[in-house]
file data-v8.csv (CSV, C-alpha atoms)
chain,number,residue,atom,x,y,z
A,1368,MET,CA,1.8,10.8,31.1
A,1369,VAL,CA,2.8,7.6,32.9
A,1370,GLY,CA,0.2,5.5,34.6
A,1371,ASN,CA,-1.9,2.3,34.5
A,1372,VAL,CA,-4.8,1.4,32.3
A,1373,ALA,CA,-7.8,1.7,34.7
A,1374,THR,CA,-10.7,0.6,32.6
A,1375,GLN,CA,-11.3,-1.8,29.7
A,1376,VAL,CA,-10.6,-0.3,26.3
A,1377,VAL,CA,-13.8,0.7,24.5
A,1378,TYR,CA,-13.4,0.3,20.7
A,1379,ARG,CA,-15.8,1.7,18.1
A,1380,GLU,CA,-15.8,2.0,14.3
A,1381,PRO,CA,-18.0,5.0,13.3
A,1382,SER,CA,-18.0,6.3,9.8
A,1383,SER,CA,-15.2,8.8,10.6
A,1384,GLY,CA,-12.8,5.9,11.4
A,1385,PRO,CA,-11.8,3.6,14.3
A,1386,SER,CA,-11.7,5.2,17.8
A,1387,ALA,CA,-10.7,3.8,21.2
A,1388,ARG,CA,-10.8,5.2,24.7
A,1389,PHE,CA,-9.8,4.1,28.1
A,1390,ARG,CA,-9.2,5.6,31.5
A,1391,LEU,CA,-5.6,6.2,32.7
A,1392,ALA,CA,-4.7,6.3,36.4
A,1393,ALA,CA,-1.6,8.3,37.2
A,1394,THR,CA,-0.4,8.3,40.8
A,1395,SER,CA,2.4,10.5,42.0
A,1396,ARG,CA,4.9,9.0,44.4
A,1397,TYR,CA,7.2,10.8,46.8
A,1398,TRP,CA,9.8,9.9,49.4
A,1399,ASP,CA,8.4,10.1,52.9
A,1400,ARG,CA,11.3,11.0,55.2
A,1401,GLU,CA,9.4,10.2,58.4
A,1402,LYS,CA,8.5,6.6,57.2
A,1403,ASN,CA,11.8,6.3,55.2
A,1404,ALA,CA,9.8,4.8,52.3
A,1405,TRP,CA,8.1,5.7,49.1
A,1406,THR,CA,4.5,6.8,49.5
A,1407,ASP,CA,1.7,7.1,47.0
A,1408,GLY,CA,0.3,10.5,46.5
A,1409,HIS,CA,-2.9,11.6,44.8
A,1410,THR,CA,-4.2,9.6,41.8
A,1411,ASN,CA,-5.4,11.6,38.7
A,1412,PHE,CA,-7.6,10.0,36.1
A,1413,PHE,CA,-7.5,10.9,32.4
A,1414,THR,CA,-9.7,9.7,29.5
A,1415,VAL,CA,-7.3,8.7,26.7
A,1416,TRP,CA,-8.6,8.9,23.1
A,1417,ALA,CA,-6.9,7.1,20.2
A,1418,ASN,CA,-7.9,7.2,16.6
A,1419,ARG,CA,-7.3,5.3,13.3
A,1420,GLN,CA,-4.5,2.7,13.4
A,1421,LEU,CA,-3.5,3.7,17.0
A,1422,ALA,CA,-7.1,2.8,18.1
A,1423,MET,CA,-6.9,-0.6,16.5
A,1424,ASN,CA,-3.5,-1.3,18.1
A,1425,VAL,CA,-4.7,-0.1,21.5
A,1426,ALA,CA,-7.7,-2.4,21.4
A,1427,ALA,CA,-5.6,-5.4,20.5
A,1428,SER,CA,-2.7,-4.6,23.0
A,1429,LEU,CA,-4.0,-3.1,26.3
A,1430,THR,CA,-5.7,-4.7,29.3
A,1431,VAL,CA,-6.7,-3.3,32.7
A,1432,GLY,CA,-3.7,-2.9,34.9
A,1433,ASP,CA,-1.1,-2.5,32.2
A,1434,PRO,CA,1.6,0.1,32.9
A,1435,VAL,CA,1.6,2.5,29.9
A,1436,LEU,CA,3.2,5.7,28.6
A,1437,VAL,CA,0.8,8.1,26.8
A,1438,GLN,CA,1.9,11.0,24.6
A,1439,GLY,CA,-0.6,13.5,23.3
A,1440,ARG,CA,-2.5,16.7,23.8
A,1441,LEU,CA,-4.2,17.4,27.1
A,1442,LYS,CA,-7.7,18.9,27.0
A,1443,VAL,CA,-9.4,20.0,30.1
A,1444,ARG,CA,-13.2,20.5,30.0
A,1445,THR,CA,-15.4,22.1,32.7
A,1446,GLU,CA,-19.1,21.8,32.8
A,1447,VAL,CA,-21.9,22.5,35.3
A,1448,ARG,CA,-24.2,19.5,36.0
A,1449,ASP,CA,-27.0,19.8,38.6
A,1450,GLY,CA,-25.5,23.0,39.8
A,1451,THR,CA,-22.1,21.5,40.5
A,1452,PRO,CA,-19.1,22.4,38.4
A,1453,ARG,CA,-17.3,19.3,37.1
A,1454,THR,CA,-13.9,19.0,35.4
A,1455,TRP,CA,-12.7,16.3,33.0
A,1456,ALA,CA,-9.2,15.8,31.6
A,1457,ASP,CA,-8.8,14.1,28.2
A,1458,ILE,CA,-5.7,13.2,26.3
A,1459,ASP,CA,-5.8,13.0,22.5
A,1460,ALA,CA,-3.1,10.4,22.1
A,1461,VAL,CA,-0.4,10.5,19.5
A,1462,ALA,CA,1.5,7.5,20.8
A,1463,ILE,CA,0.9,4.9,23.5
A,1464,GLY,CA,3.2,2.1,24.7
A,1465,HIS,CA,3.9,-0.2,27.5
A,1466,ASP,CA,6.1,1.1,30.3
A,1467,LEU,CA,9.2,-1.1,30.0
A,1468,THR,CA,10.6,0.0,33.4
A,1469,ARG,CA,7.9,-2.2,34.9
A,1470,GLY,CA,8.0,-5.2,32.6
A,1471,THR,CA,8.7,-6.6,29.2
A,1472,ALA,CA,6.8,-6.5,25.9
A,1473,ALA,CA,7.0,-8.3,22.6
A,1474,PHE,CA,6.4,-5.9,19.7
A,1475,ARG,CA,4.6,-7.2,16.6
A,1476,ARG,CA,4.4,-4.9,13.6
A,1477,THR,CA,0.9,-4.7,12.1
A,1478,GLY,CA,0.4,-5.6,8.5
A,1479,ARG,CA,0.5,-2.8,6.0
A,1480,PRO,CA,-1.2,-3.0,2.6
A,1481,GLU,CA,1.3,-3.6,-0.2
A,1482,PRO,CA,1.7,-0.6,-2.5
A,1483,VAL,CA,0.0,-1.2,-5.9
A,1484,THR,CA,0.7,0.8,-9.0
A,1485,VAL,CA,-2.3,1.0,-11.3
A,1486,LEU,CA,-1.4,0.5,-15.0
A,1487,PRO,CA,-3.1,2.6,-17.6
A,1488,HIS,CA,-6.0,0.6,-19.2
A,1489,THR,CA,-5.4,-3.1,-19.0
A,1490,PRO,CA,-8.6,-4.6,-20.4
A,1491,ALA,CA,-9.6,-8.3,-20.2
A,1492,THR,CA,-7.4,-8.9,-17.1
A,1493,PRO,CA,-9.5,-10.8,-14.6
A,1494,PRO,CA,-9.0,-9.9,-11.0
A,1495,ASP,CA,-7.4,-12.4,-8.7
A,1496,ALA,CA,-8.8,-13.5,-5.3
A,1497,ARG,CA,-7.7,-10.2,-3.6
A,1498,GLY,CA,-9.6,-8.1,-6.2
A,1499,THR,CA,-6.5,-6.8,-8.0
A,1500,SER,CA,-5.8,-7.6,-11.6
A,1501,ALA,CA,-2.8,-9.6,-12.7
A,1502,GLY,CA,-1.4,-6.4,-14.3
A,1503,GLN,CA,-1.7,-4.5,-11.0
A,1504,ALA,CA,-0.2,-7.4,-9.1
A,1505,ALA,CA,2.8,-7.5,-11.4
A,1506,ALA,CA,3.3,-3.8,-11.1
A,1507,ALA,CA,3.3,-3.9,-7.3
A,1508,VAL,CA,6.6,-2.9,-5.8
A,1509,PRO,CA,8.1,-5.8,-3.8
A,1510,ALA,CA,8.9,-5.1,-0.2
A,1511,GLN,CA,12.7,-4.6,0.4
A,1512,PRO,CA,14.2,-6.9,3.0
A,1513,GLU,CA,15.6,-5.3,6.1
A,1514,PRO,CA,19.4,-5.1,6.0
A,1515,ALA,CA,21.3,-7.4,8.2
A,1516,TRP,CA,22.7,-4.8,10.7
A,1517,GLU,CA,24.6,-7.4,12.7
A,1518,THR,CA,26.7,-8.6,9.8
A,1519,PRO,CA,30.0,-6.8,9.8
A,1520,LEU,CA,31.2,-5.3,6.5
A,1521,PRO,CA,34.4,-6.7,4.9
A,1522,PRO,CA,37.5,-4.5,5.4
A,1523,GLY,CA,37.4,-1.5,3.0
A,1524,ALA,CA,33.7,-2.0,2.1
A,1525,ALA,CA,32.6,0.7,4.5
A,1526,GLN,CA,34.7,3.4,2.7
A,1527,GLU,CA,33.4,2.2,-0.7
A,1528,GLN,CA,29.8,2.6,0.5
A,1529,ARG,CA,30.4,6.1,1.9
A,1530,GLY,CA,32.2,7.4,-1.2
A,1531,PRO,CA,35.7,8.6,-1.8
A,1532,ASP,CA,35.2,12.1,-0.3
A,1533,CYS,CA,34.0,10.8,3.1
A,1534,VAL,CA,36.6,10.7,5.8
A,1535,PRO,CA,36.0,8.5,8.8
A,1536,LEU,CA,35.9,10.2,12.2
A,1537,ALA,CA,38.1,9.1,15.1
A,1538,VAL,CA,36.2,8.3,18.3
A,1539,THR,CA,38.1,9.1,21.5
call {"tool": "encode", "arguments": {"input": "data-v8.csv", "output": "structure tokens"}}
result
Amino acid sequence: MVGNVATQVVYREPSSGPSARFRLAATSRYWDREKNAWTDGHTNFFTVWANRQLAMNVAASLTVGDPVLVQGRLKVRTEVRDGTPRTWADIDAVAIGHDLTRGTAAFRRTGRPEPVTVLPHTPATPPDARGTSAGQAAAAVPAQPEPAWETPLPPGAAQEQRGPDCVPLAVT
């Protein structure tokens, strides 16, 4: 679904984990031949639900009016209130992002906890300030730096990395 954030994000942290919701306004547009211009059609509103890490990132990233793309599962609910049938459309979001056809965005990766390997029985090792023992900190796997994709390989190095049985393809 493509649309605009219509309400402020509501963020909650119940015992089941973080959750966020907001209303999405999606307006269809069509070419009006009589006016020779684009015209707005009907606006549909959806309640978008995000959970866990997506909920935290949504709460930190979205504001009212932001153009967004939402991917997820559509759920339509119908209920009778005061004798009147009412219908709601919810989207359980899997992914949400800014619509880059209408502006720019600067992506910031959220911090991930470092993987820690627990050593078997390391007595008398006092925990450090983060609550891990020195033995556990030493056993932590260091993060690998991202390769420099822009750096060209020296001549012949590409064939060595692919292996002797790999034949390069010709692009025409």
call {"tool": "residues_around", "arguments": {"input": "data-v8.csv", "residues": "segment 1371-1378 of chain A", "least_positions_apart": "2", "cutoff": "6 Å", "atoms": "all atoms listed in the file", "output": "PyMOL selection string"}}
result
chain A and resi 1386-1392+1431-1435
call {"tool": "atom_distance", "arguments": {"input": "data-v8.csv", "atom1": "atom CA of Arg1453 of chain A", "atom2": "atom CA of Thr1414 of chain A"}}
result
14.4 Å
call {"tool": "residues_around", "arguments": {"input": "data-v8.csv", "residues": "Phe1474 of chain A", "least_positions_apart": "3", "cutoff": "10 Å", "atoms": "all atoms listed in the file", "output": "list in words"}}
result
Ser1428, Gly1464, His1465, Thr1471 and Thr1477 of chain A
call {"tool": "closest_atom_pairs", "arguments": {"input": "data-v8.csv", "of": "segment 1401-1488 of chain A", "to": "segment 1381-1385 of chain A", "cutoff": "8 Å", "atoms": "all atoms listed in the file", "output": "JSON lines"}}
result
{"residue": "A:Asn1418", "atom": "CA", "partner": "A:Pro1385", "partner_atom": "CA", "distance": 5.8}
{"residue": "A:Arg1419", "atom": "CA", "partner": "A:Pro1385", "partner_atom": "CA", "distance": 4.9}
{"residue": "A:Gln1420", "atom": "CA", "partner": "A:Pro1385", "partner_atom": "CA", "distance": 7.4}
{"residue": "A:Ala1422", "atom": "CA", "partner": "A:Pro1385", "partner_atom": "CA", "distance": 6.1}
{"residue": "A:Met1423", "atom": "CA", "partner": "A:Pro1385", "partner_atom": "CA", "distance": 6.8}
call {"tool": "atom_distance", "arguments": {"input": "data-v8.csv", "atom1": "atom CA of Phe1413 of chain A", "atom2": "atom CA of Val1443 of chain A"}}
result
9.6 Å
call {"tool": "closest_residue", "arguments": {"input": "data-v8.csv", "among": "A:Leu1467, A:Leu1441, A:Ala1472, A:Ala1462", "to": "Asn1424 of chain A", "atoms": "all atoms listed in the file"}}
result
A:Ala1462
call {"tool": "atom_distance", "arguments": {"input": "data-v8.csv", "atom1": "atom CA of Trp1405 of chain A", "atom2": "atom CA of Gln1438 of chain A"}}
result
25.8 Å
call {"tool": "residues_near_point", "arguments": {"input": "data-v8.csv", "point": "(7.1, 5.8, 47.9)", "cutoff": "8 Å", "atoms": "all atoms listed in the file", "output": "ChimeraX atom specification"}}
result
/A:1396-1399,1404-1407
call {"tool": "closest_residue", "arguments": {"input": "data-v8.csv", "among": "A:Met1368, A:Asn1411, A:Leu1421, A:Gly1478", "to": "Trp1455 of chain A", "atoms": "only C-alpha atoms"}}
result
A:Asn1411
call {"tool": "decode", "arguments": {"input": "data-v8.csv", "residues": "segment 1418-1453 of chain A", "atoms": "N, CA and C atoms", "output": "mmCIF file, in the first residue's frame"}}
result
data_model
loop_
_atom_site.group_PDB
_atom_site.id
_atom_site.type_symbol
_atom_site.label_atom_id
_atom_site.label_comp_id
_atom_site.auth_asym_id
_atom_site.auth_seq_id
_atom_site.Cartn_x
_atom_site.Cartn_y
_atom_site.Cartn_z
ATOM 1 N N ASN A 1418 5.055 -4.580 14.886
ATOM 2 C CA ASN A 1418 5.464 -5.227 16.127
ATOM 3 C C ASN A 1418 6.978 -5.363 16.206
ATOM 4 N N ARG A 1419 7.456 -5.583 17.430
ATOM 5 C CA ARG A 1419 8.866 -5.831 17.743
ATOM 6 C C ARG A 1419 9.768 -4.708 17.220
ATOM 7 N N GLN A 1420 10.856 -5.051 16.548
ATOM 8 C CA GLN A 1420 11.838 -4.063 16.093
ATOM 9 C C GLN A 1420 11.227 -3.084 15.095
ATOM 10 N N LEU A 1421 10.338 -3.573 14.249
ATOM 11 C CA LEU A 1421 9.676 -2.686 13.292
ATOM 12 C C LEU A 1421 8.891 -1.605 14.029
ATOM 13 N N ALA A 1422 8.237 -1.952 15.130
ATOM 14 C CA ALA A 1422 7.476 -0.970 15.914
ATOM 15 C C ALA A 1422 8.394 0.114 16.467
ATOM 16 N N MET A 1423 9.541 -0.281 16.999
ATOM 17 C CA MET A 1423 10.476 0.704 17.553
ATOM 18 C C MET A 1423 10.996 1.631 16.453
ATOM 19 N N ASN A 1424 11.313 1.069 15.292
ATOM 20 C CA ASN A 1424 11.832 1.880 14.188
ATOM 21 C C ASN A 1424 10.753 2.804 13.615
ATOM 22 N N VAL A 1425 9.516 2.341 13.562
ATOM 23 C CA VAL A 1425 8.405 3.173 13.084
ATOM 24 C C VAL A 1425 8.214 4.362 14.016
ATOM 25 N N ALA A 1426 8.206 4.099 15.321
ATOM 26 C CA ALA A 1426 8.012 5.179 16.295
ATOM 27 C C ALA A 1426 9.114 6.224 16.201
ATOM 28 N N ALA A 1427 10.329 5.806 15.879
ATOM 29 C CA ALA A 1427 11.464 6.729 15.800
ATOM 30 C C ALA A 1427 11.566 7.433 14.442
ATOM 31 N N SER A 1428 10.863 6.927 13.419
ATOM 32 C CA SER A 1428 11.088 7.414 12.058
ATOM 33 C C SER A 1428 9.934 8.163 11.414
ATOM 34 N N LEU A 1429 8.693 7.856 11.769
ATOM 35 C CA LEU A 1429 7.555 8.397 11.026
ATOM 36 C C LEU A 1429 6.871 9.549 11.743
ATOM 37 N N THR A 1430 6.438 10.526 10.955
ATOM 38 C CA THR A 1430 5.643 11.639 11.463
ATOM 39 C C THR A 1430 4.441 11.826 10.537
ATOM 40 N N VAL A 1431 3.456 12.555 11.003
ATOM 41 C CA VAL A 1431 2.241 12.795 10.228
ATOM 42 C C VAL A 1431 2.618 13.486 8.909
ATOM 43 N N GLY A 1432 2.052 12.979 7.827
ATOM 44 C CA GLY A 1432 2.289 13.556 6.504
ATOM 45 C C GLY A 1432 3.359 12.851 5.703
ATOM 46 N N ASP A 1433 4.170 11.993 6.341
ATOM 47 C CA ASP A 1433 5.232 11.294 5.613
ATOM 48 C C ASP A 1433 4.636 10.368 4.552
ATOM 49 N N PRO A 1434 5.176 10.407 3.318
ATOM 50 C CA PRO A 1434 4.757 9.438 2.310
ATOM 51 C C PRO A 1434 5.461 8.106 2.583
ATOM 52 N N VAL A 1435 4.696 7.012 2.649
ATOM 53 C CA VAL A 1435 5.270 5.719 3.009
ATOM 54 C C VAL A 1435 4.750 4.603 2.108
ATOM 55 N N LEU A 1436 5.513 3.521 2.114
ATOM 56 C CA LEU A 1436 5.132 2.257 1.488
ATOM 57 C C LEU A 1436 4.968 1.258 2.620
ATOM 58 N N VAL A 1437 3.875 0.506 2.611
ATOM 59 C CA VAL A 1437 3.627 -0.481 3.659
ATOM 60 C C VAL A 1437 3.375 -1.818 2.990
ATOM 61 N N GLN A 1438 4.103 -2.840 3.438
ATOM 62 C CA GLN A 1438 3.877 -4.194 2.952
ATOM 63 C C GLN A 1438 3.433 -5.032 4.129
ATOM 64 N N GLY A 1439 2.387 -5.822 3.934
ATOM 65 C CA GLY A 1439 1.905 -6.657 5.019
ATOM 66 C C GLY A 1439 0.646 -7.394 4.633
ATOM 67 N N ARG A 1440 -0.053 -7.908 5.650
ATOM 68 C CA ARG A 1440 -1.268 -8.675 5.447
ATOM 69 C C ARG A 1440 -2.482 -7.804 5.746
ATOM 70 N N LEU A 1441 -3.405 -7.738 4.797
ATOM 71 C CA LEU A 1441 -4.626 -6.962 4.963
ATOM 72 C C LEU A 1441 -5.649 -7.801 5.721
ATOM 73 N N LYS A 1442 -6.262 -7.195 6.751
ATOM 74 C CA LYS A 1442 -7.315 -7.861 7.514
ATOM 75 C C LYS A 1442 -8.514 -6.921 7.565
ATOM 76 N N VAL A 1443 -9.653 -7.393 7.094
ATOM 77 C CA VAL A 1443 -10.869 -6.587 7.086
ATOM 78 C C VAL A 1443 -11.800 -7.128 8.163
ATOM 79 N N ARG A 1444 -12.266 -6.224 9.054
ATOM 80 C CA ARG A 1444 -13.172 -6.602 10.144
ATOM 81 C C ARG A 1444 -14.504 -5.895 9.938
ATOM 82 N N THR A 1445 -15.576 -6.610 10.179
ATOM 83 C CA THR A 1445 -16.908 -6.018 10.111
ATOM 84 C C THR A 1445 -17.590 -6.258 11.447
ATOM 85 N N GLU A 1446 -18.256 -5.225 11.931
ATOM 86 C CA GLU A 1446 -18.891 -5.289 13.235
ATOM 87 C C GLU A 1446 -20.161 -4.438 13.189
ATOM 88 N N VAL A 1447 -21.157 -4.807 13.991
ATOM 89 C CA VAL A 1447 -22.378 -4.007 14.070
ATOM 90 C C VAL A 1447 -22.332 -3.232 15.385
ATOM 91 N N ARG A 1448 -22.372 -1.903 15.286
ATOM 92 C CA ARG A 1448 -22.391 -1.023 16.459
ATOM 93 C C ARG A 1448 -23.620 -0.135 16.378
ATOM 94 N N ASP A 1449 -24.396 -0.141 17.435
ATOM 95 C CA ASP A 1449 -25.623 0.663 17.494
ATOM 96 C C ASP A 1449 -26.525 0.393 16.290
ATOM 97 N N GLY A 1450 -26.583 -0.865 15.857
ATOM 98 C CA GLY A 1450 -27.439 -1.242 14.741
ATOM 99 C C GLY A 1450 -26.883 -0.911 13.372
ATOM 100 N N THR A 1451 -25.691 -0.327 13.323
ATOM 101 C CA THR A 1451 -25.091 0.056 12.050
ATOM 102 C C THR A 1451 -23.864 -0.816 11.773
ATOM 103 N N PRO A 1452 -23.821 -1.464 10.601
ATOM 104 C CA PRO A 1452 -22.621 -2.257 10.281
ATOM 105 C C PRO A 1452 -21.432 -1.330 9.998
ATOM 106 N N ARG A 1453 -20.296 -1.664 10.568
ATOM 107 C CA ARG A 1453 -19.073 -0.874 10.371
ATOM 108 C C ARG A 1453 -17.964 -1.802 9.892
#
